[in-house]
Amino acid sequence: MPLPHVLLSAAVSLDGCLDDTGPERLLLSSPADFDRVDEVRASVDAILVGAGTIRADNPRLLVNSAERRAARVADGRAEYPLKVTVSGSGELDPAARFWHTGGDKVLLTTDDGARRARALGIGADVVSLGPDLDWHAALEYLHDRRGVRRLMVEGGGTVHTQLLQQELADELQLVLAPLLVGDPAAPRLFGPGAYQGGRLRLVETRRIEDVVLMRYLPTAPGSGDRVAAADRHWLALACELAERCPPSDTAFSVGAVVVAADGSELARGYSREGGDPVVHAEEAALAKVDPEDPRLARATVYSSLEPCARRASRPAPCARLILDAGVRRVVTAWREPDTFVAGADGSGVLTAAGAAVVVLAEYAQRAKAPNRHLEG
């Protein structure tokens, strides 16, 4: 199921603390960065914090700029983003400012937590996710039932940790403040546990007064049928590559990327690349990888269109090229229509040989865009 784009936002000290242990909240961001956060809030559909953040900080989570709120309304959106919190127990203070400021609010909780929250008179839509909290179910609910496409998560550390460990975070915006807390009891951004391997990709750094903003994207693919946030990033890149294809009336425009299990890009390619009128995207990408590279066995091929099962221009279709390369995982956006080949079923060829095929249909329109001239 499609999920929202999940953006984790946090500010930390040089020694990785979110706060100190004093009675007042430690202000880590600068005034200019608070304004940047306000701008990000105005851009999203919903803002989420954990119950612990509500108890500890009593936040309002508003878009403070009247101009930004007016722009949201002019765009046909609510004045304020939806405010969301998650609590297993449902035991929250009904007088907290979170419930009494801004626009609509949602409390995502358990069956038991929903009964407690309703008894307390919590001023929000109280939604039970079942006997236990499930982040995937929470994100599906926000996407499908509340129309959330971009979700900003502002803490706390437990929430950030869980979303990263479950490979549900699409982006991390981290602000580093020139402070040292030094207290072993101070809350930290990320807790211990098993995280997905691979290096995050640094896509932006920005100095904002005396703090530094760093924006990271995950890179390591999922495994088997399990979808990780990085799978969406790589498939989006494949769709971008498809837009580079020289136009053709007799072949699809497709982009492909080959990615190792640790998130390293091995190669990329697109249809008709390099002036070859019949080369396919997967074929172009795989030709750039050493066939003896041991990383291929655990790599993922991202293709904007399902790899072909039959072709007239070359002896081996792309599904066979992928299997012969040793790759056993493919992520695609769009199943091949019958435009040129009747009954095309590259996915069937791949799965029959033991490969996992994941279709992220939410990217289908992007994959189809360079091929609109072939419709009808």
# chains A, B, ... in the order shown; residues from 1 in each chain; ligands from 1
>>> select_by_dssp(residues="stretch 33-158 of chain A", states="helix (DSSP H, G or I)", output="VMD selection string")
chain A and resid 33 to 43 51 to 57 66 to 74 97 to 100 111 to 120 135 to 146 157 to 158
>>> residues_around(residues="A:Arg244", least_positions_apart="3", cutoff="8 Å", atoms="only C-alpha atoms", output="PDB file with N, CA, C and O atoms, in the first residue's frame")
ATOM      1  N   GLU A 240      12.997   9.128 -13.322  1.00  0.00           N
ATOM      2  CA  GLU A 240      13.670  10.315 -13.866  1.00  0.00           C
ATOM      3  C   GLU A 240      14.540   9.947 -15.062  1.00  0.00           C
ATOM      4  O   GLU A 240      14.593  10.682 -16.064  1.00  0.00           O
ATOM      5  N   LEU A 241      15.227   8.822 -14.974  1.00  0.00           N
ATOM      6  CA  LEU A 241      16.064   8.387 -16.090  1.00  0.00           C
ATOM      7  C   LEU A 241      15.230   8.107 -17.337  1.00  0.00           C
ATOM      8  O   LEU A 241      15.681   8.334 -18.464  1.00  0.00           O
ATOM      9  N   TYR A 270      19.290   3.870 -19.394  1.00  0.00           N
ATOM     10  CA  TYR A 270      17.950   4.172 -19.894  1.00  0.00           C
ATOM     11  C   TYR A 270      17.842   3.713 -21.349  1.00  0.00           C
ATOM     12  O   TYR A 270      18.849   3.465 -22.029  1.00  0.00           O
TER      13      TYR A 270
END
>>> closest_residue(among="A:Val289, A:Ala356, A:Cys318, A:Ala238", to="A:Gly222", atoms="only C-alpha atoms")
A:Ala356
>>> residues_around(residues="stretch 17-30 of chain A", least_positions_apart="6", cutoff="12 Å", atoms="only C-alpha atoms", output="PDB file with N, CA, C and O atoms, in the first residue's frame")
ATOM      1  N   SER A   9      12.396  15.195  11.563  1.00  0.00           N
ATOM      2  CA  SER A   9      12.998  16.499  11.820  1.00  0.00           C
ATOM      3  C   SER A   9      13.436  16.568  13.270  1.00  0.00           C
ATOM      4  O   SER A   9      12.655  16.274  14.179  1.00  0.00           O
ATOM      5  N   ALA A  10      14.701  16.950  13.488  1.00  0.00           N
ATOM      6  CA  ALA A  10      15.208  17.023  14.855  1.00  0.00           C
ATOM      7  C   ALA A  10      16.397  17.967  14.915  1.00  0.00           C
ATOM      8  O   ALA A  10      17.097  18.186  13.926  1.00  0.00           O
ATOM      9  N   ALA A  11      16.624  18.513  16.112  1.00  0.00           N
ATOM     10  CA  ALA A  11      17.825  19.297  16.405  1.00  0.00           C
ATOM     11  C   ALA A  11      18.532  18.627  17.573  1.00  0.00           C
ATOM     12  O   ALA A  11      17.888  18.213  18.549  1.00  0.00           O
ATOM     13  N   ARG A  36      12.738  28.251   9.549  1.00  0.00           N
ATOM     14  CA  ARG A  36      12.816  27.191   8.547  1.00  0.00           C
ATOM     15  C   ARG A  36      11.875  26.047   8.898  1.00  0.00           C
ATOM     16  O   ARG A  36      11.174  25.513   8.022  1.00  0.00           O
ATOM     17  N   VAL A  37      11.840  25.664  10.173  1.00  0.00           N
ATOM     18  CA  VAL A  37      10.935  24.606  10.608  1.00  0.00           C
ATOM     19  C   VAL A  37       9.489  25.005  10.343  1.00  0.00           C
ATOM     20  O   VAL A  37       8.668  24.187   9.899  1.00  0.00           O
ATOM     21  N   THR A  53       6.582  13.352  23.869  1.00  0.00           N
ATOM     22  CA  THR A  53       6.872  14.750  23.547  1.00  0.00           C
ATOM     23  C   THR A  53       5.765  15.659  24.057  1.00  0.00           C
ATOM     24  O   THR A  53       6.025  16.765  24.555  1.00  0.00           O
ATOM     25  N   ALA A  56       6.287  15.865  27.846  1.00  0.00           N
ATOM     26  CA  ALA A  56       7.498  16.562  28.289  1.00  0.00           C
ATOM     27  C   ALA A  56       7.528  18.022  27.878  1.00  0.00           C
ATOM     28  O   ALA A  56       7.979  18.886  28.638  1.00  0.00           O
ATOM     29  N   ASP A  57       7.049  18.332  26.662  1.00  0.00           N
ATOM     30  CA  ASP A  57       7.234  19.675  26.110  1.00  0.00           C
ATOM     31  C   ASP A  57       5.954  20.479  25.970  1.00  0.00           C
ATOM     32  O   ASP A  57       6.021  21.702  25.752  1.00  0.00           O
ATOM     33  N   ASN A  58       4.796  19.819  26.023  1.00  0.00           N
ATOM     34  CA  ASN A  58       3.511  20.500  25.870  1.00  0.00           C
ATOM     35  C   ASN A  58       3.502  21.399  24.633  1.00  0.00           C
ATOM     36  O   ASN A  58       3.195  22.593  24.710  1.00  0.00           O
ATOM     37  N   PRO A  59       3.828  20.854  23.442  1.00  0.00           N
ATOM     38  CA  PRO A  59       3.951  21.693  22.250  1.00  0.00           C
ATOM     39  C   PRO A  59       2.597  22.060  21.654  1.00  0.00           C
ATOM     40  O   PRO A  59       1.601  21.369  21.848  1.00  0.00           O
ATOM     41  N   GLU A 154       8.279  15.189  14.347  1.00  0.00           N
ATOM     42  CA  GLU A 154       9.118  16.059  15.159  1.00  0.00           C
ATOM     43  C   GLU A 154       9.513  15.426  16.493  1.00  0.00           C
ATOM     44  O   GLU A 154       9.903  16.132  17.415  1.00  0.00           O
ATOM     45  N   GLY A 155       9.447  14.124  16.573  1.00  0.00           N
ATOM     46  CA  GLY A 155       9.961  13.475  17.785  1.00  0.00           C
ATOM     47  C   GLY A 155       8.899  12.721  18.534  1.00  0.00           C
ATOM     48  O   GLY A 155       7.769  12.604  18.091  1.00  0.00           O
ATOM     49  N   GLY A 156       9.389  12.224  19.658  1.00  0.00           N
ATOM     50  CA  GLY A 156      10.746  12.298  20.164  1.00  0.00           C
ATOM     51  C   GLY A 156      11.653  11.195  19.659  1.00  0.00           C
ATOM     52  O   GLY A 156      11.393  10.563  18.630  1.00  0.00           O
ATOM     53  N   GLY A 157      12.707  10.960  20.450  1.00  0.00           N
ATOM     54  CA  GLY A 157      13.711  10.011  20.033  1.00  0.00           C
ATOM     55  C   GLY A 157      13.193   8.610  19.827  1.00  0.00           C
ATOM     56  O   GLY A 157      13.644   7.899  18.916  1.00  0.00           O
ATOM     57  N   THR A 158      12.242   8.180  20.646  1.00  0.00           N
ATOM     58  CA  THR A 158      11.689   6.825  20.489  1.00  0.00           C
ATOM     59  C   THR A 158      10.974   6.675  19.157  1.00  0.00           C
ATOM     60  O   THR A 158      11.137   5.675  18.449  1.00  0.00           O
ATOM     61  N   HIS A 160      11.443   8.537  16.404  1.00  0.00           N
ATOM     62  CA  HIS A 160      12.442   8.580  15.334  1.00  0.00           C
ATOM     63  C   HIS A 160      13.164   7.242  15.201  1.00  0.00           C
ATOM     64  O   HIS A 160      13.390   6.742  14.094  1.00  0.00           O
ATOM     65  N   LEU A 174      18.346  16.964   9.970  1.00  0.00           N
ATOM     66  CA  LEU A 174      19.005  17.027  11.269  1.00  0.00           C
ATOM     67  C   LEU A 174      19.736  18.350  11.409  1.00  0.00           C
ATOM     68  O   LEU A 174      20.553  18.711  10.556  1.00  0.00           O
ATOM     69  N   VAL A 175      19.447  19.059  12.485  1.00  0.00           N
ATOM     70  CA  VAL A 175      20.139  20.311  12.792  1.00  0.00           C
ATOM     71  C   VAL A 175      21.116  20.054  13.928  1.00  0.00           C
ATOM     72  O   VAL A 175      20.746  19.505  14.971  1.00  0.00           O
ATOM     73  N   LEU A 176      22.357  20.433  13.717  1.00  0.00           N
ATOM     74  CA  LEU A 176      23.417  20.250  14.704  1.00  0.00           C
ATOM     75  C   LEU A 176      23.718  21.593  15.360  1.00  0.00           C
ATOM     76  O   LEU A 176      24.076  22.558  14.684  1.00  0.00           O
ATOM     77  N   ALA A 177      23.531  21.633  16.683  1.00  0.00           N
ATOM     78  CA  ALA A 177      23.715  22.873  17.445  1.00  0.00           C
ATOM     79  C   ALA A 177      25.066  22.867  18.154  1.00  0.00           C
ATOM     80  O   ALA A 177      25.524  21.816  18.610  1.00  0.00           O
ATOM     81  N   PRO A 178      25.712  24.039  18.287  1.00  0.00           N
ATOM     82  CA  PRO A 178      27.048  24.115  18.894  1.00  0.00           C
ATOM     83  C   PRO A 178      26.996  24.091  20.421  1.00  0.00           C
ATOM     84  O   PRO A 178      27.464  25.006  21.102  1.00  0.00           O
ATOM     85  N   LEU A 179      26.423  23.030  20.958  1.00  0.00           N
ATOM     86  CA  LEU A 179      26.289  22.857  22.407  1.00  0.00           C
ATOM     87  C   LEU A 179      26.705  21.447  22.785  1.00  0.00           C
ATOM     88  O   LEU A 179      26.537  20.510  21.991  1.00  0.00           O
ATOM     89  N   LEU A 180      27.200  21.287  23.987  1.00  0.00           N
ATOM     90  CA  LEU A 180      27.497  19.972  24.560  1.00  0.00           C
ATOM     91  C   LEU A 180      26.695  19.827  25.844  1.00  0.00           C
ATOM     92  O   LEU A 180      26.773  20.678  26.734  1.00  0.00           O
ATOM     93  N   VAL A 181      25.920  18.751  25.928  1.00  0.00           N
ATOM     94  CA  VAL A 181      25.080  18.529  27.114  1.00  0.00           C
ATOM     95  C   VAL A 181      25.853  17.739  28.165  1.00  0.00           C
ATOM     96  O   VAL A 181      25.899  18.107  29.330  1.00  0.00           O
ATOM     97  N   GLY A 182      26.434  16.625  27.770  1.00  0.00           N
ATOM     98  CA  GLY A 182      27.291  15.877  28.668  1.00  0.00           C
ATOM     99  C   GLY A 182      26.618  15.088  29.767  1.00  0.00           C
ATOM    100  O   GLY A 182      27.300  14.498  30.603  1.00  0.00           O
ATOM    101  N   ASP A 183      25.306  15.054  29.780  1.00  0.00           N
ATOM    102  CA  ASP A 183      24.562  14.348  30.828  1.00  0.00           C
ATOM    103  C   ASP A 183      24.152  12.979  30.300  1.00  0.00           C
ATOM    104  O   ASP A 183      23.375  12.892  29.340  1.00  0.00           O
ATOM    105  N   PRO A 184      24.627  11.885  30.884  1.00  0.00           N
ATOM    106  CA  PRO A 184      24.258  10.559  30.374  1.00  0.00           C
ATOM    107  C   PRO A 184      22.772  10.263  30.486  1.00  0.00           C
ATOM    108  O   PRO A 184      22.273   9.356  29.813  1.00  0.00           O
ATOM    109  N   ALA A 185      22.058  11.015  31.318  1.00  0.00           N
ATOM    110  CA  ALA A 185      20.620  10.794  31.457  1.00  0.00           C
ATOM    111  C   ALA A 185      19.800  11.613  30.462  1.00  0.00           C
ATOM    112  O   ALA A 185      18.578  11.468  30.402  1.00  0.00           O
ATOM    113  N   ALA A 186      20.450  12.478  29.688  1.00  0.00           N
ATOM    114  CA  ALA A 186      19.720  13.332  28.748  1.00  0.00           C
ATOM    115  C   ALA A 186      19.165  12.492  27.595  1.00  0.00           C
ATOM    116  O   ALA A 186      19.789  11.523  27.162  1.00  0.00           O
ATOM    117  N   PRO A 187      17.992  12.857  27.087  1.00  0.00           N
ATOM    118  CA  PRO A 187      17.410  12.103  25.967  1.00  0.00           C
ATOM    119  C   PRO A 187      18.226  12.279  24.697  1.00  0.00           C
ATOM    120  O   PRO A 187      18.718  13.372  24.404  1.00  0.00           O
ATOM    121  N   ARG A 188      18.353  11.193  23.953  1.00  0.00           N
ATOM    122  CA  ARG A 188      19.140  11.207  22.726  1.00  0.00           C
ATOM    123  C   ARG A 188      18.242  10.950  21.524  1.00  0.00           C
ATOM    124  O   ARG A 188      17.143  10.406  21.644  1.00  0.00           O
ATOM    125  N   LEU A 189      18.748  11.344  20.365  1.00  0.00           N
ATOM    126  CA  LEU A 189      17.937  11.264  19.162  1.00  0.00           C
ATOM    127  C   LEU A 189      17.606   9.822  18.793  1.00  0.00           C
ATOM    128  O   LEU A 189      16.460   9.481  18.517  1.00  0.00           O
ATOM    129  N   PHE A 190      18.612   8.946  18.788  1.00  0.00           N
ATOM    130  CA  PHE A 190      18.385   7.571  18.388  1.00  0.00           C
ATOM    131  C   PHE A 190      18.808   6.618  19.491  1.00  0.00           C
ATOM    132  O   PHE A 190      19.862   6.808  20.111  1.00  0.00           O
ATOM    133  N   GLY A 191      17.996   5.598  19.709  1.00  0.00           N
ATOM    134  CA  GLY A 191      18.291   4.610  20.719  1.00  0.00           C
ATOM    135  C   GLY A 191      18.988   3.403  20.132  1.00  0.00           C
ATOM    136  O   GLY A 191      19.174   3.289  18.919  1.00  0.00           O
ATOM    137  N   ARG A 207      24.303  26.167   6.396  1.00  0.00           N
ATOM    138  CA  ARG A 207      24.539  26.900   7.628  1.00  0.00           C
ATOM    139  C   ARG A 207      23.396  27.867   7.864  1.00  0.00           C
ATOM    140  O   ARG A 207      23.020  28.633   6.981  1.00  0.00           O
ATOM    141  N   ILE A 208      22.822  27.827   9.057  1.00  0.00           N
ATOM    142  CA  ILE A 208      21.724  28.710   9.435  1.00  0.00           C
ATOM    143  C   ILE A 208      22.124  29.372  10.754  1.00  0.00           C
ATOM    144  O   ILE A 208      22.014  28.766  11.818  1.00  0.00           O
ATOM    145  N   GLU A 209      22.621  30.600  10.665  1.00  0.00           N
ATOM    146  CA  GLU A 209      23.206  31.268  11.821  1.00  0.00           C
ATOM    147  C   GLU A 209      24.283  30.366  12.421  1.00  0.00           C
ATOM    148  O   GLU A 209      25.233  30.008  11.726  1.00  0.00           O
ATOM    149  N   ASP A 210      24.145  29.948  13.682  1.00  0.00           N
ATOM    150  CA  ASP A 210      25.222  29.149  14.282  1.00  0.00           C
ATOM    151  C   ASP A 210      24.921  27.659  14.316  1.00  0.00           C
ATOM    152  O   ASP A 210      25.617  26.892  14.983  1.00  0.00           O
ATOM    153  N   VAL A 211      23.891  27.198  13.585  1.00  0.00           N
ATOM    154  CA  VAL A 211      23.609  25.774  13.499  1.00  0.00           C
ATOM    155  C   VAL A 211      23.790  25.312  12.054  1.00  0.00           C
ATOM    156  O   VAL A 211      23.866  26.135  11.134  1.00  0.00           O
ATOM    157  N   VAL A 212      23.857  24.006  11.865  1.00  0.00           N
ATOM    158  CA  VAL A 212      24.018  23.433  10.529  1.00  0.00           C
ATOM    159  C   VAL A 212      22.892  22.444  10.270  1.00  0.00           C
ATOM    160  O   VAL A 212      22.651  21.542  11.082  1.00  0.00           O
ATOM    161  N   LEU A 213      22.204  22.633   9.158  1.00  0.00           N
ATOM    162  CA  LEU A 213      21.176  21.686   8.718  1.00  0.00           C
ATOM    163  C   LEU A 213      21.818  20.668   7.804  1.00  0.00           C
ATOM    164  O   LEU A 213      22.541  21.017   6.860  1.00  0.00           O
TER     165      LEU A 213
END
>>> closest_residue(among="A:Leu163, A:Val106, A:Leu172, A:Ile54", to="A:Tyr195", atoms="only C-alpha atoms")
A:Leu163
>>> residues_around(residues="A:Leu237", least_positions_apart="3", cutoff="9 Å", atoms="only C-alpha atoms", output="PDB file with N, CA and C atoms, in the first residue's frame")
ATOM      1  N   ARG A 232      11.744   3.462  -2.618  1.00  0.00           N
ATOM      2  CA  ARG A 232      10.991   4.524  -3.279  1.00  0.00           C
ATOM      3  C   ARG A 232      11.927   5.553  -3.904  1.00  0.00           C
ATOM      4  N   HIS A 233      13.018   5.880  -3.203  1.00  0.00           N
ATOM      5  CA  HIS A 233      13.973   6.839  -3.765  1.00  0.00           C
ATOM      6  C   HIS A 233      14.605   6.317  -5.051  1.00  0.00           C
ATOM      7  N   TRP A 234      15.023   5.057  -5.039  1.00  0.00           N
ATOM      8  CA  TRP A 234      15.687   4.506  -6.212  1.00  0.00           C
ATOM      9  C   TRP A 234      14.719   4.362  -7.384  1.00  0.00           C
ATOM     10  N   GLU A 240      12.997   9.128 -13.322  1.00  0.00           N
ATOM     11  CA  GLU A 240      13.670  10.315 -13.866  1.00  0.00           C
ATOM     12  C   GLU A 240      14.540   9.947 -15.062  1.00  0.00           C
ATOM     13  N   LEU A 241      15.227   8.822 -14.974  1.00  0.00           N
ATOM     14  CA  LEU A 241      16.064   8.387 -16.090  1.00  0.00           C
ATOM     15  C   LEU A 241      15.230   8.107 -17.337  1.00  0.00           C
ATOM     16  N   ALA A 242      14.006   7.614 -17.139  1.00  0.00           N
ATOM     17  CA  ALA A 242      13.134   7.328 -18.287  1.00  0.00           C
ATOM     18  C   ALA A 242      12.841   8.587 -19.093  1.00  0.00           C
ATOM     19  N   GLY A 255      13.757   3.756 -17.502  1.00  0.00           N
ATOM     20  CA  GLY A 255      14.994   3.983 -16.769  1.00  0.00           C
ATOM     21  C   GLY A 255      15.238   2.857 -15.790  1.00  0.00           C
ATOM     22  N   ALA A 256      16.513   2.585 -15.490  1.00  0.00           N
ATOM     23  CA  ALA A 256      16.849   1.487 -14.582  1.00  0.00           C
ATOM     24  C   ALA A 256      18.082   1.844 -13.760  1.00  0.00           C
ATOM     25  N   VAL A 257      18.109   1.329 -12.532  1.00  0.00           N
ATOM     26  CA  VAL A 257      19.247   1.511 -11.632  1.00  0.00           C
ATOM     27  C   VAL A 257      19.531   0.175 -10.959  1.00  0.00           C
ATOM     28  N   TYR A 302      16.092  -1.636 -10.152  1.00  0.00           N
ATOM     29  CA  TYR A 302      14.919  -0.757 -10.181  1.00  0.00           C
ATOM     30  C   TYR A 302      14.665  -0.393 -11.635  1.00  0.00           C
ATOM     31  N   SER A 304      11.653   1.405 -14.240  1.00  0.00           N
ATOM     32  CA  SER A 304      10.379   2.126 -14.266  1.00  0.00           C
ATOM     33  C   SER A 304       9.279   1.303 -14.923  1.00  0.00           C
TER      34      SER A 304
END
>>> residues_around(residues="A:Pro307", least_positions_apart="5", cutoff="8 Å", atoms="only C-alpha atoms", output="list in words")
Glu282, Pro317, Cys318, Ala319, Glu336, Gly346 and Ser347 of chain A
>>> closest_residue(among="A:Asp33, A:Ser128, A:Ala137, A:Arg41", to="A:Leu3", atoms="only C-alpha atoms")
A:Ala137
>>> residues_around(residues="A:Pro2", least_positions_apart="6", cutoff="12 Å", atoms="only C-alpha atoms", output="list in words")
His136, Ala137, Leu139, Glu140, Tyr141, Leu142, His143, Asp144, Arg145, Gly147, Val148, Arg149, Arg150, Leu168, Val227, Ala228, Ala229, Arg232, Ala333, Val359, Leu360, Ala361, Glu362, Tyr363 and Ala364 of chain A
>>> closest_residue(among="A:Asp225, A:Asp293, A:Glu171, A:Glu265", to="A:Leu202", atoms="only C-alpha atoms")
A:Glu171
>>> atom_distance(atom1="atom CA of A:Pro81", atom2="atom CA of A:Ser65")
12.9 Å
>>> residues_around(residues="A:Asp125", least_positions_apart="3", cutoff="12 Å", atoms="only C-alpha atoms", output="short mmCIF file (atom, residue, chain, number, x, y, z; two decimals) with C-alpha atoms, in the first residue's frame")
data_model
loop_
_atom_site.label_atom_id
_atom_site.label_comp_id
_atom_site.auth_asym_id
_atom_site.auth_seq_id
_atom_site.Cartn_x
_atom_site.Cartn_y
_atom_site.Cartn_z
CA LEU A 82 -3.28 17.79 10.61
CA LYS A 83 -1.72 17.19 14.04
CA VAL A 84 -1.08 13.55 14.95
CA THR A 85 0.17 11.81 18.05
CA VAL A 86 0.70 8.14 18.85
CA TRP A 99 -5.44 19.51 21.61
CA GLY A 103 -6.75 22.56 13.25
CA ASP A 104 -7.74 18.89 13.22
CA LYS A 105 -6.04 16.37 15.54
CA VAL A 106 -5.75 12.59 15.51
CA LEU A 107 -4.68 10.25 18.28
CA LEU A 108 -3.52 6.88 16.96
CA THR A 109 -3.68 4.30 19.71
CA ALA A 114 -8.84 4.35 22.74
CA ALA A 117 -8.56 8.47 25.75
CA ARG A 118 -12.29 8.72 25.16
CA GLY A 121 -12.24 13.47 26.91
CA ILE A 122 -9.24 13.90 24.63
CA SER A 128 -7.58 2.45 17.35
CA ARG A 146 -6.68 11.32 5.98
#
>>> closest_residue(among="A:Arg115, A:His280, A:Arg55, A:Lys368", to="A:Ala251", atoms="only C-alpha atoms")
A:His280
>>> select_by_dssp(residues="stretch 254-311 of chain A", states="strand (DSSP E)", output="compact mmCIF listing (two decimals) with N, CA, C and O atoms, in the first residue's frame")
# COMPACT_ATOMS: atom_id res chain seq x y z
N GLY A 255 13.76 3.76 -17.50
CA GLY A 255 14.99 3.98 -16.77
C GLY A 255 15.24 2.86 -15.79
O GLY A 255 14.30 2.21 -15.31
N ALA A 256 16.51 2.59 -15.49
CA ALA A 256 16.85 1.49 -14.58
C ALA A 256 18.08 1.84 -13.76
O ALA A 256 18.98 2.56 -14.23
N VAL A 257 18.11 1.33 -12.53
CA VAL A 257 19.25 1.51 -11.63
C VAL A 257 19.53 0.17 -10.96
O VAL A 257 18.60 -0.54 -10.56
N VAL A 258 20.80 -0.16 -10.83
CA VAL A 258 21.23 -1.37 -10.12
C VAL A 258 21.88 -0.93 -8.82
O VAL A 258 22.84 -0.14 -8.84
N VAL A 259 21.37 -1.44 -7.69
CA VAL A 259 21.81 -0.98 -6.37
C VAL A 259 22.19 -2.18 -5.51
O VAL A 259 21.44 -3.14 -5.39
N GLU A 265 25.17 2.52 -5.37
CA GLU A 265 24.71 2.43 -6.76
C GLU A 265 25.78 1.76 -7.60
O GLU A 265 26.92 2.21 -7.66
N LEU A 266 25.40 0.68 -8.30
CA LEU A 266 26.33 -0.04 -9.15
C LEU A 266 26.31 0.49 -10.58
O LEU A 266 27.35 0.54 -11.24
N ALA A 267 25.13 0.86 -11.07
CA ALA A 267 25.03 1.36 -12.44
C ALA A 267 23.63 1.89 -12.67
O ALA A 267 22.69 1.56 -11.94
N ARG A 268 23.51 2.67 -13.73
CA ARG A 268 22.20 3.17 -14.16
C ARG A 268 22.18 3.19 -15.68
O ARG A 268 23.23 3.22 -16.34
N GLY A 269 20.98 3.20 -16.24
CA GLY A 269 20.85 3.24 -17.69
C GLY A 269 19.45 3.61 -18.10
O GLY A 269 18.53 3.66 -17.27
N TYR A 270 19.29 3.87 -19.39
CA TYR A 270 17.95 4.17 -19.89
C TYR A 270 17.84 3.71 -21.35
O TYR A 270 18.85 3.47 -22.03
N THR A 300 19.50 -5.12 -6.10
CA THR A 300 18.15 -4.88 -6.59
C THR A 300 18.23 -4.10 -7.89
O THR A 300 19.02 -3.15 -8.00
N VAL A 301 17.45 -4.50 -8.87
CA VAL A 301 17.29 -3.73 -10.10
C VAL A 301 15.99 -2.95 -10.00
O VAL A 301 14.92 -3.53 -9.77
N TYR A 302 16.09 -1.64 -10.15
CA TYR A 302 14.92 -0.76 -10.18
C TYR A 302 14.66 -0.39 -11.63
O TYR A 302 15.55 0.13 -12.33
N SER A 303 13.46 -0.67 -12.11
CA SER A 303 13.11 -0.38 -13.49
C SER A 303 11.75 0.31 -13.52
O SER A 303 10.79 -0.19 -12.91
>>> atom_distance(atom1="atom CA of A:Thr219", atom2="atom CA of A:Gly263")
4.4 Å
>>> closest_residue(among="A:Pro370, A:Pro291, A:Gly354, A:Pro4", to="A:Ala169", atoms="only C-alpha atoms")
A:Pro4
>>> atom_distance(atom1="atom CA of A:Ser271", atom2="atom CA of A:Val254")
5.4 Å
